[in-house]
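Containing PDB, C-alpha atoms: coords22.pdb.
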ATOM      1  CA  MET X   1     -87.543  72.558 147.476
ATOM      2  CA  ARG X   2     -87.655  74.284 144.092
ATOM      3  CA  LYS X   3     -84.637  73.407 141.981
ATOM      4  CA  LEU X   4     -82.365  75.913 140.270
ATOM      5  CA  PRO X   5     -82.081  75.974 136.457
ATOM      6  CA  ALA X   6     -78.447  74.832 136.668
ATOM      7  CA  SER X   7     -75.604  73.737 138.928
ATOM      8  CA  VAL X   8     -72.003  74.207 137.776
ATOM      9  CA  ILE X   9     -69.821  71.364 139.096
ATOM     10  CA  ILE X  10     -66.008  71.465 139.138
ATOM     11  CA  PRO X  11     -63.916  68.560 140.554
ATOM     12  CA  VAL X  12     -60.463  69.532 141.887
ATOM     13  CA  ARG X  13     -57.659  68.280 144.113
ATOM     14  CA  THR X  14     -57.408  71.715 145.720
ATOM     15  CA  ILE X  15     -58.546  75.259 144.938
ATOM     16  CA  THR X  16     -55.951  76.519 142.477
ATOM     17  CA  PRO X  17     -55.519  79.977 140.866
ATOM     18  CA  TYR X  18     -57.213  78.576 137.761
ATOM     19  CA  VAL X  19     -60.262  77.591 139.821
ATOM     20  CA  ARG X  20     -60.483  81.105 141.244
ATOM     21  CA  GLU X  21     -60.304  82.441 137.695
ATOM     22  CA  THR X  22     -63.131  80.096 136.640
ATOM     23  CA  VAL X  23     -65.346  81.240 139.511
ATOM     24  CA  GLY X  24     -64.628  84.863 138.613
ATOM     25  CA  TYR X  25     -65.912  84.296 135.072
ATOM     26  CA  LEU X  26     -68.916  82.340 136.327
ATOM     27  CA  LYS X  27     -69.945  85.323 138.430
ATOM     28  CA  LYS X  28     -70.015  87.403 135.226
ATOM     29  CA  GLN X  29     -72.501  85.096 133.460
ATOM     30  CA  SER X  30     -75.507  86.708 131.797
ATOM     31  CA  GLU X  31     -77.587  83.940 133.416
ATOM     32  CA  LYS X  32     -77.583  84.613 137.159
ATOM     33  CA  ASN X  33     -79.779  81.862 138.572
ATOM     34  CA  PHE X  34     -77.376  78.982 139.232
ATOM     35  CA  GLU X  35     -75.059  77.602 141.897
ATOM     36  CA  ILE X  36     -71.342  76.749 141.832
ATOM     37  CA  ILE X  37     -70.203  73.486 143.411
ATOM     38  CA  ILE X  38     -66.500  72.693 143.825
ATOM     39  CA  VAL X  39     -65.547  69.199 144.995
ATOM     40  CA  THR X  40     -62.129  69.105 146.661
ATOM     41  CA  ASP X  41     -59.934  66.523 148.397
ATOM     42  CA  LYS X  42     -60.127  68.261 151.766
ATOM     43  CA  LYS X  43     -62.264  70.944 153.372
ATOM     44  CA  GLU X  44     -61.639  74.381 151.868
ATOM     45  CA  GLU X  45     -63.601  77.582 151.334
ATOM     46  CA  LEU X  46     -64.175  79.889 148.383
ATOM     47  CA  VAL X  47     -66.593  82.812 148.572
ATOM     48  CA  GLY X  48     -69.681  82.443 146.394
ATOM     49  CA  THR X  49     -69.376  78.671 146.000
ATOM     50  CA  LYS X  50     -70.371  75.485 147.775
ATOM     51  CA  VAL X  51     -67.177  73.499 148.497
ATOM     52  CA  ILE X  52     -67.606  69.785 149.197
ATOM     53  CA  PRO X  53     -64.656  67.687 150.472
ATOM     54  CA  SER X  54     -64.594  64.120 149.158
ATOM     55  CA  GLY X  55     -61.214  62.655 150.070
ATOM     56  CA  GLU X  56     -59.031  61.659 147.111
ATOM     57  CA  PRO X  57     -61.184  59.514 144.800
ATOM     58  CA  THR X  58     -61.486  59.799 141.026
ATOM     59  CA  PRO X  59     -62.696  62.952 139.260
ATOM     60  CA  ALA X  60     -65.727  60.913 138.143
ATOM     61  CA  TYR X  61     -66.602  60.191 141.779
ATOM     62  CA  LYS X  62     -66.289  63.875 142.594
ATOM     63  CA  ARG X  63     -68.578  64.831 139.723
ATOM     64  CA  ASN X  64     -71.160  62.286 140.880
ATOM     65  CA  LEU X  65     -70.924  63.616 144.429
ATOM     66  CA  GLY X  66     -71.375  67.167 143.203
ATOM     67  CA  ALA X  67     -74.396  66.060 141.169
ATOM     68  CA  ARG X  68     -75.990  64.407 144.210
ATOM     69  CA  MET X  69     -75.601  67.622 146.201
ATOM     70  CA  ALA X  70     -76.775  69.876 143.360
ATOM     71  CA  LYS X  71     -80.124  71.644 143.133
ATOM     72  CA  GLY X  72     -79.984  72.307 139.403
ATOM     73  CA  GLU X  73     -82.111  70.765 136.670
ATOM     74  CA  ILE X  74     -79.066  71.015 134.391
ATOM     75  CA  LEU X  75     -75.685  69.737 135.614
ATOM     76  CA  ALA X  76     -73.006  71.894 134.004
ATOM     77  CA  PHE X  77     -69.545  70.309 134.163
ATOM     78  CA  LEU X  78     -66.344  72.296 133.766
ATOM     79  CA  ASP X  79     -62.713  71.317 134.314
ATOM     80  CA  ASP X  80     -60.709  73.225 136.896
ATOM     81  CA  ASP X  81     -58.557  74.832 134.193
ATOM     82  CA  SER X  82     -61.364  76.133 131.999
ATOM     83  CA  TYR X  83     -63.558  79.224 132.148
ATOM     84  CA  PRO X  84     -66.753  80.117 130.270
ATOM     85  CA  SER X  85     -67.672  82.941 127.926
ATOM     86  CA  SER X  86     -70.192  85.411 129.355
ATOM     87  CA  ASN X  87     -73.269  83.888 127.623
ATOM     88  CA  TRP X  88     -72.163  80.262 128.033
ATOM     89  CA  LEU X  89     -74.850  79.116 130.450
ATOM     90  CA  GLU X  90     -77.659  81.224 129.000
ATOM     91  CA  ASN X  91     -77.010  79.876 125.493
ATOM     92  CA  ALA X  92     -76.836  76.276 126.723
ATOM     93  CA  LEU X  93     -80.117  76.502 128.647
ATOM     94  CA  LYS X  94     -81.880  77.820 125.527
ATOM     95  CA  ILE X  95     -80.757  74.743 123.593
ATOM     96  CA  PHE X  96     -82.153  72.390 126.236
ATOM     97  CA  ASP X  97     -85.514  74.170 125.846
ATOM     98  CA  GLU X  98     -85.585  73.281 122.128
ATOM     99  CA  ASP X  99     -86.212  69.556 122.580
ATOM    100  CA  GLU X 100     -86.771  67.210 125.555
ATOM    101  CA  GLN X 101     -84.764  64.580 123.660
ATOM    102  CA  ILE X 102     -81.604  66.639 124.142
ATOM    103  CA  ALA X 103     -79.718  64.973 126.983
ATOM    104  CA  ALA X 104     -76.564  67.084 126.840
ATOM    105  CA  VAL X 105     -75.152  70.258 125.335
ATOM    106  CA  CYS X 106     -71.515  71.082 124.630
ATOM    107  CA  GLY X 107     -69.385  73.538 122.704
ATOM    108  CA  PRO X 108     -65.875  74.470 121.601
ATOM    109  CA  THR X 109     -62.985  74.807 124.040
ATOM    110  CA  LEU X 110     -60.557  77.451 122.816
ATOM    111  CA  THR X 111     -57.067  78.283 124.027
ATOM    112  CA  PRO X 112     -57.161  81.477 126.144
ATOM    113  CA  PRO X 113     -55.435  84.455 124.457
ATOM    114  CA  ALA X 114     -53.325  84.993 127.586
ATOM    115  CA  ASP X 115     -51.823  81.479 127.547
ATOM    116  CA  ASN X 116     -48.074  81.388 126.889
ATOM    117  CA  ILE X 117     -46.575  80.283 123.585
ATOM    118  CA  TYR X 118     -46.007  76.697 124.766
ATOM    119  CA  GLN X 119     -49.634  76.382 125.848
ATOM    120  CA  LYS X 120     -50.749  77.886 122.541
ATOM    121  CA  ALA X 121     -48.671  75.299 120.682
ATOM    122  CA  SER X 122     -50.483  72.564 122.610
ATOM    123  CA  GLY X 123     -53.810  74.191 121.784
ATOM    124  CA  TRP X 124     -52.962  74.214 118.094
ATOM    125  CA  VAL X 125     -52.158  70.491 118.208
ATOM    126  CA  TRP X 126     -55.715  69.860 119.399
ATOM    127  CA  ALA X 127     -57.255  72.393 117.024
ATOM    128  CA  SER X 128     -55.425  71.327 113.841
ATOM    129  CA  TRP X 129     -56.935  68.741 111.527
ATOM    130  CA  LEU X 130     -53.672  66.826 111.398
ATOM    131  CA  GLY X 131     -53.009  67.003 115.138
ATOM    132  CA  SER X 132     -56.423  65.698 116.150
ATOM    133  CA  GLY X 133     -56.767  63.379 113.188
ATOM    134  CA  GLY X 134     -60.100  65.042 112.454
ATOM    135  CA  ALA X 135     -61.571  62.927 115.259
ATOM    136  CA  GLY X 136     -62.021  65.794 117.691
ATOM    137  CA  VAL X 137     -61.166  69.008 115.896
ATOM    138  CA  TYR X 138     -64.684  70.376 116.519
ATOM    139  CA  ARG X 139     -63.920  70.279 120.236
ATOM    140  CA  ASN X 140     -61.190  72.876 119.855
ATOM    141  CA  ARG X 141     -62.465  75.082 117.036
ATOM    142  CA  VAL X 142     -65.615  77.053 116.428
ATOM    143  CA  MET X 143     -67.602  74.776 114.117
ATOM    144  CA  PRO X 144     -71.257  74.726 112.955
ATOM    145  CA  LYS X 145     -73.979  73.423 115.274
ATOM    146  CA  ARG X 146     -74.308  69.646 115.066
ATOM    147  CA  GLU X 147     -75.214  66.462 116.910
ATOM    148  CA  VAL X 148     -72.273  64.539 118.440
ATOM    149  CA  ASP X 149     -71.861  61.345 120.448
ATOM    150  CA  ASP X 150     -68.731  62.055 122.526
ATOM    151  CA  PHE X 151     -67.497  65.160 124.322
ATOM    152  CA  PRO X 152     -65.201  65.903 127.271
ATOM    153  CA  THR X 153     -66.357  67.315 130.605
ATOM    154  CA  VAL X 154     -64.274  70.429 130.101
ATOM    155  CA  ASN X 155     -67.509  71.823 128.639
ATOM    156  CA  LEU X 156     -70.430  69.444 129.020
ATOM    157  CA  LEU X 157     -73.906  70.210 130.368
ATOM    158  CA  VAL X 158     -76.273  67.307 131.066
ATOM    159  CA  ARG X 159     -79.989  67.129 131.810
ATOM    160  CA  ARG X 160     -80.231  65.852 135.378
ATOM    161  CA  THR X 161     -83.036  63.331 134.753
ATOM    162  CA  TYR X 162     -81.046  61.523 132.049
ATOM    163  CA  PHE X 163     -77.819  61.752 134.057
ATOM    164  CA  GLU X 164     -79.496  59.944 136.941
ATOM    165  CA  GLU X 165     -81.183  57.446 134.622
ATOM    166  CA  VAL X 166     -77.805  56.150 133.373
ATOM    167  CA  GLY X 167     -76.285  56.213 136.864
ATOM    168  CA  GLY X 168     -73.994  59.186 136.317
ATOM    169  CA  PHE X 169     -70.302  58.791 135.581
ATOM    170  CA  ASP X 170     -68.528  55.442 135.727
ATOM    171  CA  ILE X 171     -66.094  56.056 138.603
ATOM    172  CA  LYS X 172     -63.602  53.459 137.349
ATOM    173  CA  HIS X 173     -62.475  55.677 134.494
ATOM    174  CA  TRP X 174     -60.317  58.810 134.237
ATOM    175  CA  PRO X 175     -59.784  60.087 131.682
ATOM    176  CA  GLY X 176     -62.696  58.669 129.723
ATOM    177  CA  GLU X 177     -65.582  58.933 132.178
ATOM    178  CA  ASP X 178     -67.098  61.544 129.866
ATOM    179  CA  THR X 179     -66.874  59.223 126.851
ATOM    180  CA  LYS X 180     -68.676  56.499 128.807
ATOM    181  CA  LEU X 181     -71.397  58.913 129.958
ATOM    182  CA  CYS X 182     -71.962  60.173 126.407
ATOM    183  CA  LEU X 183     -72.129  56.584 125.179
ATOM    184  CA  ASP X 184     -74.785  55.767 127.785
ATOM    185  CA  LEU X 185     -76.835  58.853 126.925
ATOM    186  CA  THR X 186     -76.777  58.285 123.155
ATOM    187  CA  LYS X 187     -76.790  54.486 122.875
ATOM    188  CA  LYS X 188     -78.616  53.280 125.979
ATOM    189  CA  LEU X 189     -81.194  56.052 126.139
ATOM    190  CA  GLY X 190     -81.180  57.063 122.476
ATOM    191  CA  LYS X 191     -80.968  60.763 123.369
ATOM    192  CA  LYS X 192     -79.154  63.645 121.676
ATOM    193  CA  ILE X 193     -75.968  65.563 122.481
ATOM    194  CA  ILE X 194     -75.906  68.945 120.750
ATOM    195  CA  TYR X 195     -72.703  70.825 119.975
ATOM    196  CA  ASP X 196     -73.227  74.561 119.552
ATOM    197  CA  PRO X 197     -70.472  77.152 118.967
ATOM    198  CA  LYS X 198     -72.313  79.606 121.238
ATOM    199  CA  VAL X 199     -71.660  77.328 124.235
ATOM    200  CA  LEU X 200     -68.075  78.478 124.405
ATOM    201  CA  VAL X 201     -65.401  77.999 127.061
ATOM    202  CA  TYR X 202     -61.669  78.677 127.188
ATOM    203  CA  HIS X 203     -59.346  75.879 128.255
ATOM    204  CA  HIS X 204     -55.797  76.365 129.533
ATOM    205  CA  ARG X 205     -53.545  73.830 127.803
ATOM    206  CA  ARG X 206     -50.674  71.729 129.095
ATOM    207  CA  PRO X 207     -47.517  73.382 127.724
ATOM    208  CA  VAL X 208     -45.430  71.493 125.191
ATOM    209  CA  LEU X 209     -43.596  69.290 125.279
ATOM    210  CA  LEU X 210     -43.372  67.187 128.460
ATOM    211  CA  PRO X 211     -46.607  68.146 130.296
ATOM    212  CA  HIS X 212     -48.509  67.944 127.001
ATOM    213  CA  LEU X 213     -47.099  64.496 126.216
ATOM    214  CA  LYS X 214     -47.866  63.220 129.725
ATOM    215  CA  GLN X 215     -51.490  64.095 129.071
ATOM    216  CA  ILE X 216     -51.325  62.404 125.657
ATOM    217  CA  ASN X 217     -49.945  59.329 127.425
ATOM    218  CA  ARG X 218     -53.110  59.036 129.533
ATOM    219  CA  TYR X 219     -55.410  59.685 126.585
ATOM    220  CA  ALA X 220     -53.677  57.125 124.363
ATOM    221  CA  LEU X 221     -53.880  54.326 126.916
ATOM    222  CA  ARG X 222     -57.495  55.066 127.816
ATOM    223  CA  ARG X 223     -58.702  55.455 124.226
ATOM    224  CA  GLY X 224     -56.926  52.239 123.283
ATOM    225  CA  PHE X 225     -58.631  50.494 126.187
ATOM    226  CA  PHE X 226     -61.987  51.991 125.182
ATOM    227  CA  ALA X 227     -61.539  50.936 121.551
ATOM    228  CA  LYS X 228     -61.836  47.374 122.833
ATOM    229  CA  LYS X 229     -64.269  47.932 125.714
ATOM    230  CA  PHE X 230     -66.592  50.541 124.165
ATOM    231  CA  PRO X 231     -66.110  50.186 120.390
ATOM    232  CA  GLU X 232     -69.372  51.992 119.554
ATOM    233  CA  THR X 233     -67.671  55.389 119.824
ATOM    234  CA  SER X 234     -63.969  54.549 120.279
ATOM    235  CA  PHE X 235     -63.224  51.995 117.563
ATOM    236  CA  ARG X 236     -62.762  54.608 114.856
ATOM    237  CA  LEU X 237     -60.133  55.061 112.174
ATOM    238  CA  GLY X 238     -59.065  58.483 113.469
ATOM    239  CA  TYR X 239     -57.983  56.945 116.774
ATOM    240  CA  PHE X 240     -55.966  54.199 115.034
ATOM    241  CA  LEU X 241     -54.174  56.350 112.457
ATOM    242  CA  PRO X 242     -51.374  57.562 114.806
ATOM    243  CA  THR X 243     -50.578  53.930 115.664
ATOM    244  CA  ILE X 244     -50.419  52.978 111.987
ATOM    245  CA  GLY X 245     -48.122  55.935 111.400
ATOM    246  CA  ALA X 246     -45.897  55.428 114.452
ATOM    247  CA  TYR X 247     -45.294  51.729 113.943
ATOM    248  CA  GLY X 248     -45.084  52.262 110.195
ATOM    249  CA  LEU X 249     -42.276  54.729 110.862
ATOM    250  CA  VAL X 250     -40.390  52.253 113.054
ATOM    251  CA  PHE X 251     -40.787  49.151 110.907
ATOM    252  CA  GLY X 252     -40.728  51.059 107.621
ATOM    253  CA  THR X 253     -37.317  52.505 108.482
ATOM    254  CA  ILE X 254     -35.944  49.032 109.166
ATOM    255  CA  THR X 255     -37.499  47.145 106.244
ATOM    256  CA  SER X 256     -36.755  49.888 103.706
ATOM    257  CA  LEU X 257     -33.072  49.214 104.241
ATOM    258  CA  PHE X 258     -33.517  45.792 102.642
ATOM    259  CA  PHE X 259     -36.405  46.163 100.158
ATOM    260  CA  TRP X 260     -36.441  48.941  97.578
ATOM    261  CA  GLN X 261     -40.188  48.545  96.964
ATOM    262  CA  ILE X 262     -40.920  49.293 100.616
ATOM    263  CA  ARG X 263     -38.361  52.087 100.535
ATOM    264  CA  PHE X 264     -40.258  53.756  97.699
ATOM    265  CA  VAL X 265     -43.668  53.492  99.403
ATOM    266  CA  TYR X 266     -42.131  54.586 102.703
ATOM    267  CA  PHE X 267     -40.624  57.652 101.045
ATOM    268  CA  LEU X 268     -43.929  58.634  99.412
ATOM    269  CA  LEU X 269     -45.979  58.256 102.621
ATOM    270  CA  SER X 270     -43.358  60.049 104.734
ATOM    271  CA  THR X 271     -43.183  62.899 102.247
ATOM    272  CA  PHE X 272     -46.972  63.221 102.228
ATOM    273  CA  TYR X 273     -47.103  63.294 106.041
ATOM    274  CA  PHE X 274     -44.393  65.929 106.358
ATOM    275  CA  LEU X 275     -46.104  68.049 103.710
ATOM    276  CA  LEU X 276     -49.228  67.935 105.896
ATOM    277  CA  LEU X 277     -47.086  68.953 108.872
ATOM    278  CA  ILE X 278     -45.750  71.931 106.930
ATOM    279  CA  LEU X 279     -49.285  72.927 105.905
ATOM    280  CA  SER X 280     -50.384  72.747 109.548
ATOM    281  CA  GLY X 281     -47.458  74.955 110.537
ATOM    282  CA  PHE X 282     -48.271  77.356 107.716
ATOM    283  CA  GLU X 283     -51.845  77.747 108.975
ATOM    284  CA  VAL X 284     -50.482  78.703 112.400
ATOM    285  CA  LEU X 285     -48.034  81.134 110.805
ATOM    286  CA  VAL X 286     -50.817  82.841 108.841
ATOM    287  CA  LYS X 287     -53.123  83.166 111.842
ATOM    288  CA  GLU X 288     -50.609  83.824 114.626
ATOM    289  CA  LYS X 289     -47.823  85.625 112.709
ATOM    290  CA  ASN X 290     -45.224  83.785 114.789
ATOM    291  CA  ILE X 291     -42.573  81.575 113.148
ATOM    292  CA  TYR X 292     -41.401  80.080 116.451
ATOM    293  CA  LEU X 293     -44.952  79.080 117.381
ATOM    294  CA  SER X 294     -45.400  77.564 113.928
ATOM    295  CA  LEU X 295     -42.270  75.420 114.353
ATOM    296  CA  LEU X 296     -43.335  74.422 117.866
ATOM    297  CA  VAL X 297     -46.690  73.238 116.547
ATOM    298  CA  MET X 298     -45.102  71.090 113.816
ATOM    299  CA  ILE X 299     -42.707  69.479 116.312
ATOM    300  CA  SER X 300     -45.514  68.986 118.830
ATOM    301  CA  ILE X 301     -47.880  67.368 116.326
ATOM    302  CA  PHE X 302     -45.174  64.894 115.321
ATOM    303  CA  ALA X 303     -44.295  64.139 118.971
ATOM    304  CA  THR X 304     -48.005  63.791 119.816
ATOM    305  CA  HIS X 305     -48.620  61.302 117.000
ATOM    306  CA  LEU X 306     -45.558  59.293 117.941
ATOM    307  CA  THR X 307     -46.429  59.152 121.651
ATOM    308  CA  TYR X 308     -50.114  58.440 121.107
ATOM    309  CA  GLY X 309     -49.459  55.946 118.324
ATOM    310  CA  LEU X 310     -46.921  53.888 120.230
ATOM    311  CA  LEU X 311     -49.004  53.734 123.435
ATOM    312  CA  PHE X 312     -52.493  53.181 121.993
ATOM    313  CA  PRO X 313     -52.001  49.385 121.461
ATOM    314  CA  PHE X 314     -50.799  49.014 125.076
ATOM    315  CA  GLY X 315     -54.152  50.372 126.233
ATOM    316  CA  PHE X 316     -56.015  48.159 123.764
ATOM    317  CA  PHE X 317     -54.492  44.973 125.164
ATOM    318  CA  GLN X 318     -54.836  45.923 128.851
ATOM    319  CA  LYS X 319     -57.323  43.954 130.933
ATOM    320  CA  ASP X 320     -57.903  47.027 133.067
ATOM    321  CA  LEU X 321     -56.484  50.513 133.611
ATOM    322  CA  LYS X 322     -55.908  52.173 136.947
ATOM    323  CA  THR X 323     -56.837  55.775 137.618
ATOM    324  CA  ILE X 324     -53.937  57.797 139.018
ATOM    325  CA  PRO X 325     -54.839  61.350 140.142
ATOM    326  CA  ARG X 326     -52.666  64.241 139.028
ATOM    327  CA  LYS X 327     -50.099  65.350 141.570
ATOM    328  CA  VAL X 328     -50.583  68.742 143.182
ATOM    329  CA  ASP X 329     -48.254  71.096 145.042
ATOM    330  CA  LEU X 330     -50.299  72.133 148.088
ATOM    331  CA  LYS X 331     -48.017  75.078 148.834
ATOM    332  CA  SER X 332     -48.305  76.755 145.450
ATOM    333  CA  LYS X 333     -51.797  75.349 144.842
ATOM    334  CA  LYS X 334     -50.766  74.212 141.361
ATOM    335  CA  TYR X 335     -50.789  70.878 139.585
ATOM    336  CA  ILE X 336     -47.494  69.201 138.790
ATOM    337  CA  GLY X 337     -46.723  67.804 135.350
ATOM    338  CA  GLY X 338     -49.246  66.978 132.635
TER     339      GLY X 338
END
Show the structure stored in the file as structure tokens.
Amino acid sequence: MRKLPASVIIPVRTITPYVRETVGYLKKQSEKNFEIIIVTDKKEELVGTKVIPSGEPTPAYKRNLGARMAKGEILAFLDDDSYPSSNWLENALKIFDEDEQIAAVCGPTLTPPADNIYQKASGWVWASWLGSGGAGVYRNRVMPKREVDDFPTVNLLVRRTYFEEVGGFDIKHWPGEDTKLCLDLTKKLGKKIIYDPKVLVYHHRRPVLLPHLKQINRYALRRGFFAKKFPETSFRLGYFLPTIGAYGLVFGTITSLFFWQIRFVYFLLSTFYFLLLILSGFEVLVKEKNIYLSLLVMISIFATHLTYGLLFPFGFFQKDLKTIPRKVDLKSKKYIGG
């Protein structure tokens, strides 16, 4: 059977309003020759898609299952709370045609204009240089085309032959299965992952503060665990800086009470950090013209750094991490929490 150019694969617990929105945007793609595969917990139906029930395993398992059932030469992965721009797939397929050594293509994930102010604050945490530590700012802003070695499945398209060669996603990990796949593609196979601003999707954010911080909780533990297990792409200064800052805040506050030298250094570093916070808030104020949003972003960046920084070492020293699926309200068809 002749294969399609692409298969779009979306793992979900159940078909939510966000998933329906995603499918609506997929049907408006300039590229028309592709299929949509949604992998759910239980049997469901959605017009214009192939829905595959899988039970309740990890998102990585669901993505692998979708890939096995797919007809596409390119496996295009989206999250269930993201939707693509109209030329997303067409632009990505053109990049794959540039070089056979390109194993994957990705692009920025922007906060939808219709998201509420608390979701926008979360989006600005990810998009700000201070909030992301510079480690992943290109994922949430429109940046120049470049080669990368790590990108999330919220917007990741992979050449099927290379996906199968590395065995797909590691089903033991979530979040983080995308980091492991990218590591396998770039380090094991020596292939390229190309980031291009034209491969654009919009990603609904977890609202600040609690749902956002619950998500940060998962990311901190998993990235800490990966810093030990997969140091090639996870043992990086940007991932350690929040921990240095968080524990520096705790112990610096205590020790500065007794040593004036530490008090002086502590004051200088704290002042520098809070100046950066103010600058981050000022950028939001200039672009969004909203003082409340600007304040929310500053508070959220600080809370994000504190949460991530305190939890990162706990992930680093874990022997293993369990994958716990997000809870879902089957009546409202919406996810609960972060």
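Here CA of Thr179 in chain X and CA of Gly123 in chain X stand 20.5 Å from one another.
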Excluding range 54-70 of chain X and its own-chain neighbours fewer than 5 positions away, which residues fall within 8 Å of it when counting only C-alpha atoms? Please give them as number ranges by chain. X: 7, 9-13, 37-42, 75, 77, 168-174, 177, 323, 325
Spell out the residues picked by the PyMOL selection byres ((chain X and resi 214-228) around 8) here, as JSON, numbers by chain. {"X": [174, 175, 176, 206, 210, 211, 212, 213, 229, 230, 231, 233, 234, 235, 236, 239, 304, 307, 308, 309, 311, 312, 313, 314, 315, 316, 317, 318, 320, 321, 337, 338]}
Any chance you could work out the residue set of the PyMOL selection byres ((chain X and resi 296) around 12) here, as a PyMOL selection string? chain X and resi 117-125+207-209+277-278+280-282+284-285+290-295+297-304
Close residues, Leu189 in chain X itself excluded, 9 Å, all atoms listed in the file, min 6 positions apart in chain, as a PyMOL selection string: chain X and resi 162+165-166
